[in-house]
Amino acid sequence: MDQVFVINPKGGCGKTTISTQIAGYYANQGKEVLLADHDAQKSSSDWIASRPSECAVIRCKATTPEQSFDAAGADIVVHDMPAAWTLKQVDEVIRDGDRLLIPVLSSPTDIKACLRFIMGLNREGVMDKHVSVGLIANKVRPNTRYFMVLQSFLKRLDLPMIGQLRDTQNYIRLMDRGLCLFDLPESKVQRDVDEWFLILNWLDLD
Ligand SMILES: Nc1ncnc2c1ncn2[C@@H]1O[C@H](COP(=O)(O)OP(=O)(O)O)[C@@H](O)[C@H]1O
Ligand SMILES: [Mg+2]
């Protein structure tokens, strides 16, 4: 069983959006996917509740980071993490080989919060586990000053920026309709699907 954790204490950076896209992609690949919704806001659970019945099935479990749950039968567990959690809560859950994805927005506040979060991960020993950590620049508006600031910040970290997702209403619509990009004909969302190739390649769970 593979595990992907989508983590960043900053609200609104794209954890649920990215978790649902990843869950939807692998479900469309025929994998048994369990979406673990750890956030009290239950946005992933709302997304699943609106998912049309003809779409690839995704199991969703509303839970908390420290609560154990039955993942039997799942090929992939995608953890949509809450804003607040401590290492103690997930220490037993994060295992060698897991993927940790950190979405980050290009604003000074988000960059500072992200840096503090990564320092915390380091301090708590998460980086000492054999996990793969990747950053995703989200809601990107290329050619803005703050996107360039984010790029130069990420270059200085010893962590890969594994992809970037543009700022588009598509994600807002998909969230509302219980869909992901990979449920739609590729030609309709080609630009966004193209951005996902790098991220999915890095995850390498096919
Ligand atoms: N790339 C994007 N382009 C436009 N809107 C986005 C994008 N990513 C996320 N959003 C929107 O931003 C809001 C916050 O995203 P969400 O995934 O809920 O963040 P989090 O789970 O980290 O709080 C949602 O309304 C979502 O639809
Ligand atoms: Mg969320």
# chains A, B, ... in the order shown; residues from 1 in each chain; ligands from 1

$ residues_around --residues "Arg99 of chain A" --least-positions-apart "5" --cutoff "6 Å" --atoms "only C-alpha atoms" --output "count of residues only"
3

$ residues_near_ligand --ligand "ligand 2" --cutoff "8 Å" --atoms "only C-alpha atoms and all ligand atoms" --output "compact mmCIF listing (two decimals) with N, CA, C and O atoms, in the first residue's frame"
# COMPACT_ATOMS: atom_id res chain seq x y z
N GLY A 11 -3.89 27.19 5.66
CA GLY A 11 -5.19 26.92 5.02
C GLY A 11 -5.23 27.55 3.64
O GLY A 11 -4.61 28.60 3.41
N GLY A 12 -5.93 26.93 2.74
CA GLY A 12 -6.16 27.52 1.42
C GLY A 12 -5.03 27.36 0.42
O GLY A 12 -5.09 27.89 -0.68
N GLY A 14 -4.14 24.59 -1.02
CA GLY A 14 -4.48 23.62 -2.07
C GLY A 14 -4.41 22.15 -1.67
O GLY A 14 -4.43 21.27 -2.53
N LYS A 15 -4.37 21.87 -0.36
CA LYS A 15 -4.26 20.47 0.08
C LYS A 15 -5.41 19.61 -0.44
O LYS A 15 -5.21 18.54 -0.99
N THR A 16 -6.64 20.10 -0.25
CA THR A 16 -7.80 19.29 -0.66
C THR A 16 -7.86 19.18 -2.18
O THR A 16 -8.14 18.10 -2.72
N THR A 17 -7.57 20.28 -2.86
CA THR A 17 -7.58 20.26 -4.33
C THR A 17 -6.61 19.20 -4.84
O THR A 17 -6.94 18.36 -5.69
N ASP A 39 -9.25 16.57 7.87
CA ASP A 39 -9.57 17.95 8.22
C ASP A 39 -11.00 18.07 8.74
O ASP A 39 -11.93 17.54 8.13
N GLN A 41 -12.88 20.41 8.50
CA GLN A 41 -13.76 21.09 7.54
C GLN A 41 -14.39 20.12 6.55
O GLN A 41 -15.35 20.47 5.85
N LYS A 42 -13.82 18.93 6.45
CA LYS A 42 -14.41 17.83 5.67
C LYS A 42 -14.65 18.17 4.19
O LYS A 42 -15.64 17.74 3.60
N SER A 43 -13.74 18.94 3.62
CA SER A 43 -13.93 19.31 2.21
C SER A 43 -13.75 18.12 1.27
O SER A 43 -14.45 18.03 0.26
N SER A 44 -12.84 17.22 1.59
CA SER A 44 -12.68 16.03 0.74
C SER A 44 -13.93 15.16 0.81
O SER A 44 -14.36 14.59 -0.20
N ASP A 80 -5.46 13.78 3.11
CA ASP A 80 -5.70 15.23 3.04
C ASP A 80 -5.58 15.73 4.48
O ASP A 80 -6.48 15.54 5.30
N MET A 81 -4.43 16.36 4.78
CA MET A 81 -4.11 16.67 6.17
C MET A 81 -4.77 17.98 6.63
O MET A 81 -5.01 18.88 5.82
N PRO A 82 -5.02 18.07 7.93
CA PRO A 82 -5.63 19.30 8.45
C PRO A 82 -4.59 20.40 8.59
O PRO A 82 -3.39 20.16 8.47
N ALA A 83 -5.06 21.59 8.91
CA ALA A 83 -4.15 22.71 9.09
C ALA A 83 -3.24 22.44 10.30
O ALA A 83 -2.04 22.68 10.23

$ closest_residue --among "A:Val33, A:Val57, A:Leu154, A:Leu105" --to "Ile76 of chain A" --atoms "only C-alpha atoms"
A:Val33

$ atom_distance --atom1 "atom CA of Gln21 of chain A" --atom2 "atom CA of Asp128 of chain A"
28.0 Å

$ residues_around --residues "Ala137 of chain A" --least-positions-apart "5" --cutoff "8 Å" --atoms "only C-alpha atoms" --output "JSON, numbers by chain"
{"A": [103, 104, 105, 106, 150, 161, 163, 164, 165]}

$ write_last_selection --atoms "N, CA and C atoms" --output "mmCIF file, in the first residue's frame"
data_model
loop_
_atom_site.group_PDB
_atom_site.id
_atom_site.type_symbol
_atom_site.label_atom_id
_atom_site.label_comp_id
_atom_site.auth_asym_id
_atom_site.auth_seq_id
_atom_site.Cartn_x
_atom_site.Cartn_y
_atom_site.Cartn_z
ATOM 1 N N PRO A 103 1.940 21.737 -0.839
ATOM 2 C CA PRO A 103 1.543 22.832 -1.734
ATOM 3 C C PRO A 103 1.924 24.164 -1.108
ATOM 4 N N VAL A 104 2.351 25.091 -1.938
ATOM 5 C CA VAL A 104 2.691 26.413 -1.391
ATOM 6 C C VAL A 104 2.285 27.506 -2.382
ATOM 7 N N LEU A 105 1.755 28.583 -1.827
ATOM 8 C CA LEU A 105 1.318 29.714 -2.651
ATOM 9 C C LEU A 105 2.425 30.764 -2.712
ATOM 10 N N SER A 106 2.359 31.588 -3.767
ATOM 11 C CA SER A 106 3.393 32.622 -3.887
ATOM 12 C C SER A 106 2.969 33.917 -3.213
ATOM 13 N N LEU A 150 8.908 33.159 -4.961
ATOM 14 C CA LEU A 150 8.680 31.761 -4.552
ATOM 15 C C LEU A 150 9.680 30.839 -5.254
ATOM 16 N N MET A 161 11.065 21.204 -6.276
ATOM 17 C CA MET A 161 9.745 21.702 -6.656
ATOM 18 C C MET A 161 9.297 20.776 -7.774
ATOM 19 N N GLY A 163 6.395 20.426 -9.257
ATOM 20 C CA GLY A 163 5.422 20.858 -10.257
ATOM 21 C C GLY A 163 4.807 22.180 -9.873
ATOM 22 N N GLN A 164 4.082 22.738 -10.819
ATOM 23 C CA GLN A 164 3.339 23.961 -10.527
ATOM 24 C C GLN A 164 1.971 23.887 -11.196
ATOM 25 N N LEU A 165 0.980 24.420 -10.485
ATOM 26 C CA LEU A 165 -0.393 24.399 -10.997
ATOM 27 C C LEU A 165 -0.858 25.831 -11.169
#

$ residues_around --residues "Cys180 of chain A" --least-positions-apart "3" --cutoff "12 Å" --atoms "only C-alpha atoms" --output "PDB file with C-alpha atoms, in the first residue's frame"
ATOM      1  CA  THR A  16      -7.796  19.295  -0.661  1.00  0.00           C
ATOM      2  CA  THR A  17      -7.583  20.255  -4.332  1.00  0.00           C
ATOM      3  CA  ILE A  18      -4.365  18.295  -4.776  1.00  0.00           C
ATOM      4  CA  SER A  19      -5.558  15.335  -2.672  1.00  0.00           C
ATOM      5  CA  THR A  20      -8.747  14.971  -4.699  1.00  0.00           C
ATOM      6  CA  GLN A  21      -6.910  15.232  -8.036  1.00  0.00           C
ATOM      7  CA  ILE A  22      -4.429  12.548  -6.994  1.00  0.00           C
ATOM      8  CA  ALA A  23      -7.183  10.282  -5.648  1.00  0.00           C
ATOM      9  CA  GLY A  24      -9.161  10.783  -8.866  1.00  0.00           C
ATOM     10  CA  TYR A  25      -6.195  10.112 -11.126  1.00  0.00           C
ATOM     11  CA  TYR A  26      -5.331   6.766  -9.528  1.00  0.00           C
ATOM     12  CA  ALA A  27      -8.973   5.701  -9.288  1.00  0.00           C
ATOM     13  CA  ASN A  28      -9.211   6.293 -13.047  1.00  0.00           C
ATOM     14  CA  SER A  44     -12.676  16.027   0.737  1.00  0.00           C
ATOM     15  CA  TRP A  47     -16.184  16.386  -2.756  1.00  0.00           C
ATOM     16  CA  ILE A  48     -16.815  12.643  -2.551  1.00  0.00           C
ATOM     17  CA  SER A  50     -20.916  15.273  -4.867  1.00  0.00           C
ATOM     18  CA  ARG A  51     -19.049  12.746  -7.010  1.00  0.00           C
ATOM     19  CA  PRO A  52     -21.261  11.385  -9.824  1.00  0.00           C
ATOM     20  CA  CYS A  55     -17.145   8.107 -12.040  1.00  0.00           C
ATOM     21  CA  ALA A  56     -14.286   5.877 -10.872  1.00  0.00           C
ATOM     22  CA  ILE A  58     -12.937   6.387  -4.436  1.00  0.00           C
ATOM     23  CA  ASN A 170     -11.271  24.729 -13.352  1.00  0.00           C
ATOM     24  CA  TYR A 171     -10.257  23.494  -9.890  1.00  0.00           C
ATOM     25  CA  ILE A 172     -13.061  25.407  -8.221  1.00  0.00           C
ATOM     26  CA  ARG A 173     -15.650  23.956 -10.621  1.00  0.00           C
ATOM     27  CA  LEU A 174     -14.252  20.430 -10.311  1.00  0.00           C
ATOM     28  CA  MET A 175     -14.324  20.623  -6.529  1.00  0.00           C
ATOM     29  CA  ASP A 176     -17.957  21.675  -6.636  1.00  0.00           C
ATOM     30  CA  ARG A 177     -18.952  18.828  -8.952  1.00  0.00           C
ATOM     31  CA  ASP A 183     -12.699  12.311 -15.268  1.00  0.00           C
ATOM     32  CA  LEU A 184     -13.015  14.710 -18.210  1.00  0.00           C
ATOM     33  CA  PRO A 185     -12.019  14.334 -21.862  1.00  0.00           C
ATOM     34  CA  GLU A 186      -8.350  15.306 -21.923  1.00  0.00           C
ATOM     35  CA  VAL A 189      -8.460  20.344 -19.746  1.00  0.00           C
ATOM     36  CA  ASP A 192      -3.990  21.452 -16.645  1.00  0.00           C
ATOM     37  CA  VAL A 193      -3.476  17.745 -17.294  1.00  0.00           C
ATOM     38  CA  TRP A 196       0.027  17.158 -13.642  1.00  0.00           C
TER      39      TRP A 196
END

$ closest_residue --among "A:Asn201, A:Asn138, A:Gln67, A:Ser187" --to "ligand 1" --atoms "only C-alpha atoms and all ligand atoms"
A:Asn138

$ closest_residue --among "A:Val149, A:Ser68, A:Gln169, A:Asp2" --to "Ile111 of chain A" --atoms "only C-alpha atoms"
A:Val149

$ closest_residue --among "A:Gln3, A:Ala49, A:His38, A:Asp206" --to "ligand 1" --atoms "only C-alpha atoms and all ligand atoms"
A:His38

$ select_by_dssp --residues "segment 109-178 of chain A" --states "alpha helix (DSSP H)" --output "PyMOL selection string"
chain A and resi 109-123+145-156+169-177

$ select_by_dssp --residues "segment 11-186 of chain A" --states "strand (DSSP E)" --output "JSON, numbers by chain"
{"A": [33, 34, 35, 36, 37, 59, 60, 61, 62, 76, 77, 78, 79, 80, 99, 100, 101, 102, 103, 104, 105, 132, 133, 134, 135, 136, 137, 138, 139, 140, 161, 162, 163, 164, 165, 166]}

$ write_last_selection --atoms "N, CA, C and O atoms" --output "compact mmCIF listing (two decimals), in the first residue's frame"
# COMPACT_ATOMS: atom_id res chain seq x y z
N VAL A 33 -8.48 3.29 -4.27
CA VAL A 33 -7.96 4.49 -3.61
C VAL A 33 -8.79 4.80 -2.37
O VAL A 33 -10.02 4.78 -2.41
N LEU A 34 -8.08 5.06 -1.28
CA LEU A 34 -8.75 5.52 -0.06
C LEU A 34 -8.31 6.95 0.19
O LEU A 34 -7.11 7.24 0.29
N LEU A 35 -9.28 7.84 0.26
CA LEU A 35 -9.00 9.25 0.54
C LEU A 35 -9.28 9.47 2.03
O LEU A 35 -10.43 9.34 2.47
N ALA A 36 -8.23 9.74 2.80
CA ALA A 36 -8.38 9.92 4.24
C ALA A 36 -8.52 11.41 4.51
O ALA A 36 -7.56 12.18 4.34
N ASP A 37 -9.70 11.81 4.89
CA ASP A 37 -10.00 13.23 5.11
C ASP A 37 -9.77 13.56 6.58
O ASP A 37 -10.62 13.28 7.43
N ARG A 59 -12.88 5.46 -2.21
CA ARG A 59 -13.38 5.30 -0.84
C ARG A 59 -12.90 6.51 -0.04
O ARG A 59 -11.76 6.96 -0.24
N CYS A 60 -13.76 7.05 0.81
CA CYS A 60 -13.34 8.21 1.61
C CYS A 60 -13.61 7.92 3.08
O CYS A 60 -14.64 7.35 3.43
N LYS A 61 -12.63 8.27 3.91
CA LYS A 61 -12.80 8.05 5.35
C LYS A 61 -12.50 9.36 6.07
O LYS A 61 -11.39 9.90 5.97
N ALA A 62 -13.51 9.88 6.76
CA ALA A 62 -13.29 11.07 7.58
C ALA A 62 -12.65 10.61 8.88
O ALA A 62 -13.18 9.72 9.56
N ILE A 76 -3.66 2.61 -2.65
CA ILE A 76 -3.09 3.93 -2.36
C ILE A 76 -3.96 4.64 -1.33
O ILE A 76 -5.19 4.67 -1.48
N VAL A 77 -3.34 5.19 -0.31
CA VAL A 77 -4.07 6.05 0.63
C VAL A 77 -3.56 7.48 0.44
O VAL A 77 -2.36 7.74 0.52
N VAL A 78 -4.49 8.38 0.14
CA VAL A 78 -4.15 9.80 0.01
C VAL A 78 -4.65 10.50 1.27
O VAL A 78 -5.85 10.45 1.57
N HIS A 79 -3.74 11.11 2.00
CA HIS A 79 -4.10 11.78 3.26
C HIS A 79 -4.23 13.27 3.03
O HIS A 79 -3.23 13.95 2.76
N ASP A 80 -5.46 13.78 3.11
CA ASP A 80 -5.70 15.23 3.04
C ASP A 80 -5.58 15.73 4.48
O ASP A 80 -6.48 15.54 5.30
N ARG A 99 5.18 9.35 0.33
CA ARG A 99 5.42 10.62 -0.36
C ARG A 99 4.74 11.73 0.43
O ARG A 99 3.57 11.57 0.81
N LEU A 100 5.46 12.81 0.61
CA LEU A 100 4.90 14.00 1.28
C LEU A 100 4.86 15.14 0.27
O LEU A 100 5.91 15.51 -0.27
N LEU A 101 3.68 15.65 0.02
CA LEU A 101 3.54 16.76 -0.92
C LEU A 101 3.18 18.02 -0.15
O LEU A 101 2.24 18.02 0.64
N ILE A 102 3.91 19.08 -0.43
CA ILE A 102 3.65 20.35 0.26
C ILE A 102 3.24 21.40 -0.77
O ILE A 102 4.08 21.89 -1.52
N PRO A 103 1.94 21.74 -0.84
CA PRO A 103 1.54 22.83 -1.73
C PRO A 103 1.92 24.16 -1.11
O PRO A 103 1.82 24.32 0.11
N VAL A 104 2.35 25.09 -1.94
CA VAL A 104 2.69 26.41 -1.39
C VAL A 104 2.28 27.51 -2.38
O VAL A 104 2.40 27.33 -3.59
N LEU A 105 1.75 28.58 -1.83
CA LEU A 105 1.32 29.71 -2.65
C LEU A 105 2.43 30.76 -2.71
O LEU A 105 3.26 30.85 -1.81
N SER A 132 9.84 10.68 0.58
CA SER A 132 10.15 11.63 -0.51
C SER A 132 9.30 12.87 -0.28
O SER A 132 8.07 12.76 -0.14
N VAL A 133 9.96 14.01 -0.25
CA VAL A 133 9.24 15.26 -0.01
C VAL A 133 9.32 16.13 -1.26
O VAL A 133 10.41 16.37 -1.79
N GLY A 134 8.17 16.58 -1.74
CA GLY A 134 8.15 17.44 -2.92
C GLY A 134 7.25 18.64 -2.70
O GLY A 134 6.22 18.53 -2.03
N LEU A 135 7.65 19.77 -3.26
CA LEU A 135 6.82 20.98 -3.14
C LEU A 135 6.09 21.24 -4.45
O LEU A 135 6.62 21.00 -5.53
N ILE A 136 4.86 21.73 -4.32
CA ILE A 136 4.08 22.11 -5.50
C ILE A 136 3.71 23.58 -5.37
O ILE A 136 3.07 23.98 -4.38
N ALA A 137 4.13 24.39 -6.33
CA ALA A 137 3.71 25.79 -6.35
C ALA A 137 2.29 25.81 -6.88
O ALA A 137 2.02 25.32 -7.97
N ASN A 138 1.38 26.35 -6.07
CA ASN A 138 -0.03 26.31 -6.48
C ASN A 138 -0.59 27.71 -6.74
O ASN A 138 -0.07 28.69 -6.22
N LYS A 139 -1.65 27.73 -7.54
CA LYS A 139 -2.32 28.97 -7.95
C LYS A 139 -1.31 29.94 -8.58
O LYS A 139 -1.26 31.13 -8.24
N VAL A 140 -0.51 29.37 -9.45
CA VAL A 140 0.59 30.15 -10.03
C VAL A 140 0.09 31.15 -11.06
O VAL A 140 -0.73 30.81 -11.92
N MET A 161 11.07 21.20 -6.28
CA MET A 161 9.74 21.70 -6.66
C MET A 161 9.30 20.78 -7.77
O MET A 161 9.85 20.80 -8.87
N ILE A 162 8.32 19.93 -7.48
CA ILE A 162 8.02 18.85 -8.42
C ILE A 162 6.97 19.26 -9.44
O ILE A 162 6.68 18.49 -10.36
N GLY A 163 6.40 20.43 -9.26
CA GLY A 163 5.42 20.86 -10.26
C GLY A 163 4.81 22.18 -9.87
O GLY A 163 5.01 22.68 -8.75
N GLN A 164 4.08 22.74 -10.82
CA GLN A 164 3.34 23.96 -10.53
C GLN A 164 1.97 23.89 -11.20
O GLN A 164 1.82 23.31 -12.27
N LEU A 165 0.98 24.42 -10.48
CA LEU A 165 -0.39 24.40 -11.00
C LEU A 165 -0.86 25.83 -11.17
O LEU A 165 -0.74 26.65 -10.25
N ARG A 166 -1.38 26.12 -12.34
CA ARG A 166 -1.78 27.50 -12.60
C ARG A 166 -3.06 27.85 -11.82
O ARG A 166 -3.78 26.94 -11.36

$ closest_residue --among "A:Thr168, A:Gln151, A:Asn143, A:Gln190" --to "ligand 1" --atoms "only C-alpha atoms and all ligand atoms"
A:Thr168

$ closest_residue --among "A:Glu66, A:Glu195, A:Asp75, A:Asp110" --to "Ile94 of chain A" --atoms "only C-alpha atoms"
A:Glu66

$ atom_distance --atom1 "atom CA of Glu92 of chain A" --atom2 "atom CA of Trp202 of chain A"
24.1 Å

$ atom_distance --atom1 "atom 2 (C, counted along the ligand's line) of ligand 1" --atom2 "atom CA of Arg141 of chain A"
9.9 Å
